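First comes the structure, then the notes that go with it.
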There are 4 protein chains.
Amino acid sequence: MKLALIGAGRIGKVHAQAIDRHPDVTLAAVADYHREAAEALASTYGCRVLSADAVFETPDIDAVLIASSTPTHADYLERAARAGKAILCEKPIALDLARTREALQVLQAHPVTCALGFNRRHDPQFAALKRAVREGRIGNLETLTITSRDPAPPPAEYIGASGGLFRDMMIHDFDMARWLLDEPIAYVHAEGSCLIDPAIGEAGDIDTAMVTLTTSSGRLCHIVNSRRACYGYDQRIEAFGSAGMLQAQNESETRLRFTGEAGQVEEKPKWFFLERYAEAYRREIDDFVYAWRERRAPLAGARDGLEALRLAEAAERSLREGRRIALDTIR
Amino acid sequence: MKLALIGAGRIGKVHAQAIDRHPDVTLAAVADYHREAAEALASTYGCRVLSADAVFETPDIDAVLIASSTPTHADYLERAARAGKAILCEKPIALDLARTREALQVLQAHPVTCALGFNRRHDPQFAALKRAVREGRIGNLETLTITSRDPAPPPAEYIGASGGLFRDMMIHDFDMARWLLDEPIAYVHAEGSCLIDPAIGEAGDIDTAMVTLTTSSGRLCHIVNSRRACYGYDQRIEAFGSAGMLQAQNESETRLRFTGEAGQVEEKPKWFFLERYAEAYRREIDDFVYAWRERRAPLAGARDGLEALRLAEAAERSLREGRRIALDTIR
Amino acid sequence: MKLALIGAGRIGKVHAQAIDRHPDVTLAAVADYHREAAEALASTYGCRVLSADAVFETPDIDAVLIASSTPTHADYLERAARAGKAILCEKPIALDLARTREALQVLQAHPVTCALGFNRRHDPQFAALKRAVREGRIGNLETLTITSRDPAPPPAEYIGASGGLFRDMMIHDFDMARWLLDEPIAYVHAEGSCLIDPAIGEAGDIDTAMVTLTTSSGRLCHIVNSRRACYGYDQRIEAFGSAGMLQAQNESETRLRFTGEAGQVEEKPKWFFLERYAEAYRREIDDFVYAWRERRAPLAGARDGLEALRLAEAAERSLREGRRIALDTIR
Amino acid sequence: MKLALIGAGRIGKVHAQAIDRHPDVTLAAVADYHREAAEALASTYGCRVLSADAVFETPDIDAVLIASSTPTHADYLERAARAGKAILCEKPIALDLARTREALQVLQAHPVTCALGFNRRHDPQFAALKRAVREGRIGNLETLTITSRDPAPPPAEYIGASGGLFRDMMIHDFDMARWLLDEPIAYVHAEGSCLIDPAIGEAGDIDTAMVTLTTSSGRLCHIVNSRRACYGYDQRIEAFGSAGMLQAQNESETRLRFTGEAGQVEEKPKWFFLERYAEAYRREIDDFVYAWRERRAPLAGARDGLEALRLAEAAERSLREGRRIALDTIR
């Protein structure tokens, strides 16, 4: 697979490295609005710099990885689909449902392999949890608890364009909940506060939130988000069922333990997503390449992006209205 | 302190043993509707059998421990207060707010030491967590997560008289939440399902629930309850704040670990409250005796029972109405 | 069982409390060279003070617990045996083999229930490990690792009369090794150093030691001792075999975990034997009473004391001679 | 750095992959006695196949990685040194001291960068432990415990040519002990048994061993080896000192925990060295390249190989003679 990367920023670099190490993908070109960024990355990996326009017109490019700024995702995705290229698009497709639906229609008209960057599905530990649930290790899944905390809040100016905590941060947890609950979600209830950074509140957003999802059969799911955890990236899942409980725990660089007068001390969790999800990004490329080659659906696709966004919309409305929202009223 | 125990059932026996071992309390008498039960317990510990009536009339009895069936609690509590005896009353005082308030008025008119049996506050681990939160170990408390699962559901016939999951089971977690959040709770949202035992649903109750509490300053608290956990009594608390996180973990009989082909295996959690809270029951007696002697308030009192019951009422209404309930509307 | 306690010091008090709580033993009398100590303890538990001589002459005393100073053990044990009293004797019987053998001969001539205070066999975790080994959980036991560290070294003046590290401290580990290895020990090798307190070296002893035991079938056992561990009482055992590994881990007061900038912190181990082996001391009384009542051998008896002492002698000789010692040369 | 790999077997492939991913090394050639093996590997990584002879004669090859069979190591090492090439040599240089000393003399005459494949020094967790010890985290190091067990014994026919457990397997632990103890070792004592596979005993070797090392200042070190652990690769280190204890624990693929009726279960350790030391092999290449570039000593060099071999010889002699061996008698 010859792949062009659009977007040479932080997440673009993560992908470039994963692609470079992958035996079955070649990084053929890099495009970025900031040409210098594209050039720097291209020179590291020995590939061409192209404009985004050129990427879609170049016949021997099989696939594009869209890692540019959020507002450009939907357009690039549509152009790639029309050009018949396989697509791995960073989430979200767009921050609103209408634009996301338009993009899905284009994809329907131009069916190409299209993966969406819900990287956590590819995390070895979460994947093992999913597999164990599917294999019946815990019997019937009854409750799900997802804890997700970033090490530090983004700058307040980022908040304004982010779409808010539910769309920007909890979107990953909504996707994880959907993937693990594995049945339609009926209701969404949200509570949220600004407890960490007043500037976030002034920007109209919250930094701490708890959401409860109720599925059609009555399964219950709790999600908690905080924009800051002084000890690092807090990424845990607990799935409880009739035959037991599965817990995905935080991961640390090493398992070294010190015991002294202050107690028994192990390392804090890995600091942020680049460390914690390094392997997930590699496996995401794997899944994308093999889905394309085998003409099967990737683990997470464009529709998953739409559905996660519907949950975010419902959460936002619930927070505003102080009541639970029936998901089927979110269209 | 000369103490009379009213109620010689399962929980009465737990208390009798803790009292017998306590250097500063003497088990002076046992009363029970079933005289044989009272006699059996009295003979074990070498004390008198009295009728409940006689307990209140005997001048050299300083205190009564009310461990009889729930519908009798409020009456006995009032009679003990009028007789000027110190009271340790098993929760709840009553299953409805009106009756509870009446009892509180009697207590106000006849002020005696009155402790309520929220035994978990006396658990060494939870007490250590509370102390660490109060000492600022995690900075400002922002979110609280309380997991509470019983090993096995009660028989369906018990459910009918229990007052329902929120009053019967989650009442302990409501009290724990109030104690740890340490500020007024503003809103209550509840979701609940019957996933474990259809008979519970037929009895009009739920067996799985998630509740979100929001405090006046915006702190968020999640409580999850299940009536059955195949691995035993699941009792955990996570307190998250600006400077870190505290986690009270499940306890096992021993820390023995086996590593074999199937993995690394440690014991499952202690089976139920008698095992897990054995030390808490001992400390509860401690607190009661010394509160009485030092004329100070016990760790949990009658008002805490009322407040926990208000949360249970709010949760029930939230579940019925599908919206969050402002706690100040529950009177 | 009516029991007289000889010795009202630290360990005597531990036993007195365990006896007081035991439903089937009555603390009938306390004796101590320091009469005030005996009186204080007797008044706490409401029993008589007797001289040691009177203890052996009092017909309605069934048993004696010998917790006096080491040099008196053998004499008291012999007198108790001759008086037909059941005996629970703190280890060691004596610090040398000859005196120990004499006492055993008296016991042979006057067979009474005689338990030796190897309290660790009664620890719930070690007992669970022993049970699992016996039940074949790890298949054939191949290696055993015993880690045993005290929180702080004894005063140097204690060292002189202690018999040295092997007799005073590692004696417990020798007993544990014998109990778990469950077959004759053929060879003993010891290395030792004075790394912690030079005063211990000046007193002619070591404070840090490693011993290797080899059984007749070739099982290998490692024991490490340190006289000081800044984090508390370090008491661990690892049993490795053909089907897996069992590890008895250190125990802490609570399982509370703090996660912050400095890492994930749990409590340090319990501080010393009074905390760690509180339950073991209770179970030791249990075993003693029921062995006496059922006329069976207690879990650890006088012969176990002799055998552990032989290992200590062998270790001492090995350290002196720089070679491994065949145990059958130690008589 | 242009590097030629001699040896295209299992460990050669591990190195080839690490080299391929390294930005500062180019795999320039592969040599192997089995030309097909060399060709296969060369075609995977797009490089030349050379004979071993040609490797030493090719001027633009900067370095050789010797991963061929043990008996060839010393010759290749000497030829590489004479050819002025940097060397990364798999351990051991040779199975006997005399041949090893000869090779060291050649290196002295032809000083090139020469690293020895003690891969464990490069393991992130062990490296963190070493760093913490050096930084004084545990004060004065007093005892060291190294546990090292392979998942499964090698075929008996391998045993004959292996040099025996001490030279073949414990050699890594001897190196680790030297590195961590950081002072001269004075005495070596060894015990060993054949408990796992009788065929190993028939081949004249042991499969289970315990060794005690005593340093010049009296530090004590215990090493235990087993040729089979049913749960995988058991690789742990415990360093104890005046200010605390450090424990390097086993690592698993994920931290997923299952709690059910059978207990709390986490994954077993990673299966073998390819999994556990994958990162160590990458860092070993790092260290080699930068040592060469910066003209500094690599983390483990040829002399470390000699010293570890002296410890193995001493252990063998100790086992034979039943006494501890002064290391300075091993020349």
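Letters A, B, ... go to the chains of the structure tokens in the order shown; residues in each chain start at 1; ligands are counted from 1 in the same order.
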- Just the residues within 9 Å of Glu267 in chain A, please, counting only C-alpha atoms, with nothing from its chain fewer than 6 positions along; format it as a ChimeraX atom specification. /A:252-257 /C:262-265
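In this structure, the chain A residues at most 7 Å away from chain B are A:Glu142, A:Ser193, A:Leu195, A:Gly218, A:Ala229, A:Cys230, A:Tyr231, A:Ser242, A:Ala243, A:Gly244, A:Gly322, A:Arg323, A:Arg324, with only C-alpha atoms considered.
Taking CA of Gly163 in chain D and CA of Leu95 in chain D as the two end points, the separation is 6.2 Å.
Non-sequential neighbours of Leu309 in chain D (distance at most 8 Å, separation of 6 or more positions within a chain, only C-alpha atoms) are D:Leu95, D:Asp96, D:Leu97, D:Arg167, D:Ile171.
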- Task: Per DSSP on the backbone, filter range 71-318 of chain C down to the residues in helix (DSSP H, G or I) and report them as a PyMOL selection string.
- Result: chain C and resi 71-82+97-109+119-122+124-134+156-162+165-168+170-181+198-202+273-276+278-294+302-318
How about saving the chosen residues, C-alpha atoms kept, as a CSV table (one decimal), in the first residue's frame?
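Result went into part-v8.csv, see below:
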chain,number,residue,atom,x,y,z
C,71,PRO,CA,17.4,-19.7,80.0
C,72,THR,CA,14.4,-20.8,82.1
C,73,HIS,CA,12.4,-22.6,79.3
C,74,ALA,CA,14.0,-26.1,79.7
C,75,ASP,CA,13.6,-26.2,83.5
C,76,TYR,CA,10.0,-25.0,83.4
C,77,LEU,CA,9.2,-27.4,80.6
C,78,GLU,CA,10.6,-30.4,82.5
C,79,ARG,CA,8.7,-29.4,85.7
C,80,ALA,CA,5.5,-28.9,83.8
C,81,ALA,CA,5.9,-32.3,82.2
C,82,ARG,CA,6.6,-34.0,85.5
C,97,LEU,CA,21.4,-29.2,71.7
C,98,ALA,CA,22.4,-31.1,74.9
C,99,ARG,CA,20.0,-29.3,77.1
C,100,THR,CA,17.3,-29.6,74.5
C,101,ARG,CA,17.8,-33.3,74.3
C,102,GLU,CA,17.5,-33.6,78.0
C,103,ALA,CA,14.2,-31.8,78.0
C,104,LEU,CA,13.0,-34.1,75.3
C,105,GLN,CA,13.9,-37.1,77.3
C,106,VAL,CA,11.8,-35.8,80.2
C,107,LEU,CA,8.9,-35.3,77.8
C,108,GLN,CA,9.3,-38.9,76.6
C,109,ALA,CA,9.2,-40.1,80.2
C,119,ASN,CA,3.9,-19.1,65.7
C,120,ARG,CA,4.4,-18.7,61.9
C,121,ARG,CA,3.0,-22.1,61.1
C,122,HIS,CA,-0.3,-20.7,62.4
C,124,PRO,CA,-3.2,-17.9,57.8
C,125,GLN,CA,-1.2,-17.1,54.7
C,126,PHE,CA,1.6,-19.5,55.4
C,127,ALA,CA,-0.9,-22.1,56.4
C,128,ALA,CA,-2.7,-21.6,53.1
C,129,LEU,CA,0.6,-22.0,51.3
C,130,LYS,CA,1.4,-25.2,53.1
C,131,ARG,CA,-2.0,-26.6,52.3
C,132,ALA,CA,-1.7,-25.7,48.7
C,133,VAL,CA,1.7,-27.3,48.4
C,134,ARG,CA,0.4,-30.5,50.1
C,156,ALA,CA,23.7,-5.1,71.1
C,157,GLU,CA,23.5,-6.2,74.7
C,158,TYR,CA,20.6,-8.6,73.7
C,159,ILE,CA,22.8,-10.1,71.0
C,160,GLY,CA,25.3,-11.6,73.5
C,161,ALA,CA,22.6,-13.7,75.2
C,162,SER,CA,20.6,-14.4,72.1
C,165,LEU,CA,21.3,-14.9,64.5
C,166,PHE,CA,20.9,-18.5,63.4
C,167,ARG,CA,19.5,-19.6,66.8
C,168,ASP,CA,17.6,-16.5,67.7
C,170,MET,CA,16.6,-17.7,61.5
C,171,ILE,CA,15.4,-20.5,63.8
C,172,HIS,CA,11.9,-19.6,62.7
C,173,ASP,CA,12.9,-19.9,59.1
C,174,PHE,CA,14.6,-23.2,59.7
C,175,ASP,CA,11.3,-24.5,61.1
C,176,MET,CA,9.3,-23.1,58.2
C,177,ALA,CA,11.8,-24.7,55.8
C,178,ARG,CA,11.5,-28.1,57.5
C,179,TRP,CA,7.7,-27.9,57.6
C,180,LEU,CA,7.4,-27.0,53.9
C,181,LEU,CA,10.2,-29.1,52.4
C,198,PRO,CA,29.0,-2.7,63.9
C,199,ALA,CA,28.1,-3.3,67.6
C,200,ILE,CA,26.5,-6.6,66.5
C,201,GLY,CA,29.8,-7.6,64.9
C,202,GLU,CA,31.7,-6.6,68.0
C,273,PHE,CA,5.5,-9.6,64.6
C,274,LEU,CA,2.8,-8.4,67.0
C,275,GLU,CA,0.9,-6.9,64.0
C,276,ARG,CA,1.7,-9.4,61.4
C,278,ALA,CA,-1.7,-11.4,65.7
C,279,GLU,CA,-4.0,-13.9,64.1
C,280,ALA,CA,-1.2,-16.6,64.2
C,281,TYR,CA,-1.0,-16.2,68.0
C,282,ARG,CA,-4.8,-16.7,68.2
C,283,ARG,CA,-4.6,-19.8,66.1
C,284,GLU,CA,-1.7,-21.1,68.0
C,285,ILE,CA,-3.8,-21.1,71.2
C,286,ASP,CA,-6.6,-22.8,69.2
C,287,ASP,CA,-4.3,-25.6,68.0
C,288,PHE,CA,-2.9,-26.0,71.5
C,289,VAL,CA,-6.3,-26.3,73.2
C,290,TYR,CA,-7.7,-28.7,70.6
C,291,ALA,CA,-4.6,-30.8,70.5
C,292,TRP,CA,-4.8,-31.2,74.3
C,293,ARG,CA,-8.5,-31.9,74.2
C,294,GLU,CA,-8.3,-34.4,71.3
C,302,ALA,CA,9.4,-30.1,71.1
C,303,ARG,CA,11.1,-32.3,68.5
C,304,ASP,CA,10.6,-29.5,65.9
C,305,GLY,CA,12.5,-27.3,68.3
C,306,LEU,CA,15.4,-29.7,68.4
C,307,GLU,CA,15.5,-30.1,64.6
C,308,ALA,CA,15.5,-26.4,64.0
C,309,LEU,CA,18.3,-26.0,66.5
C,310,ARG,CA,20.3,-28.6,64.6
C,311,LEU,CA,20.0,-26.6,61.5
C,312,ALA,CA,21.1,-23.5,63.4
C,313,GLU,CA,24.2,-25.4,64.7
C,314,ALA,CA,25.0,-26.6,61.2
C,315,ALA,CA,24.7,-23.1,59.8
C,316,GLU,CA,27.0,-21.8,62.4
C,317,ARG,CA,29.6,-24.4,61.7
C,318,SER,CA,29.2,-23.8,57.9
- DSSP on the backbone, then: every residue of range 76-133 of chain C marked strand (DSSP E), written as a count of residues only. 7
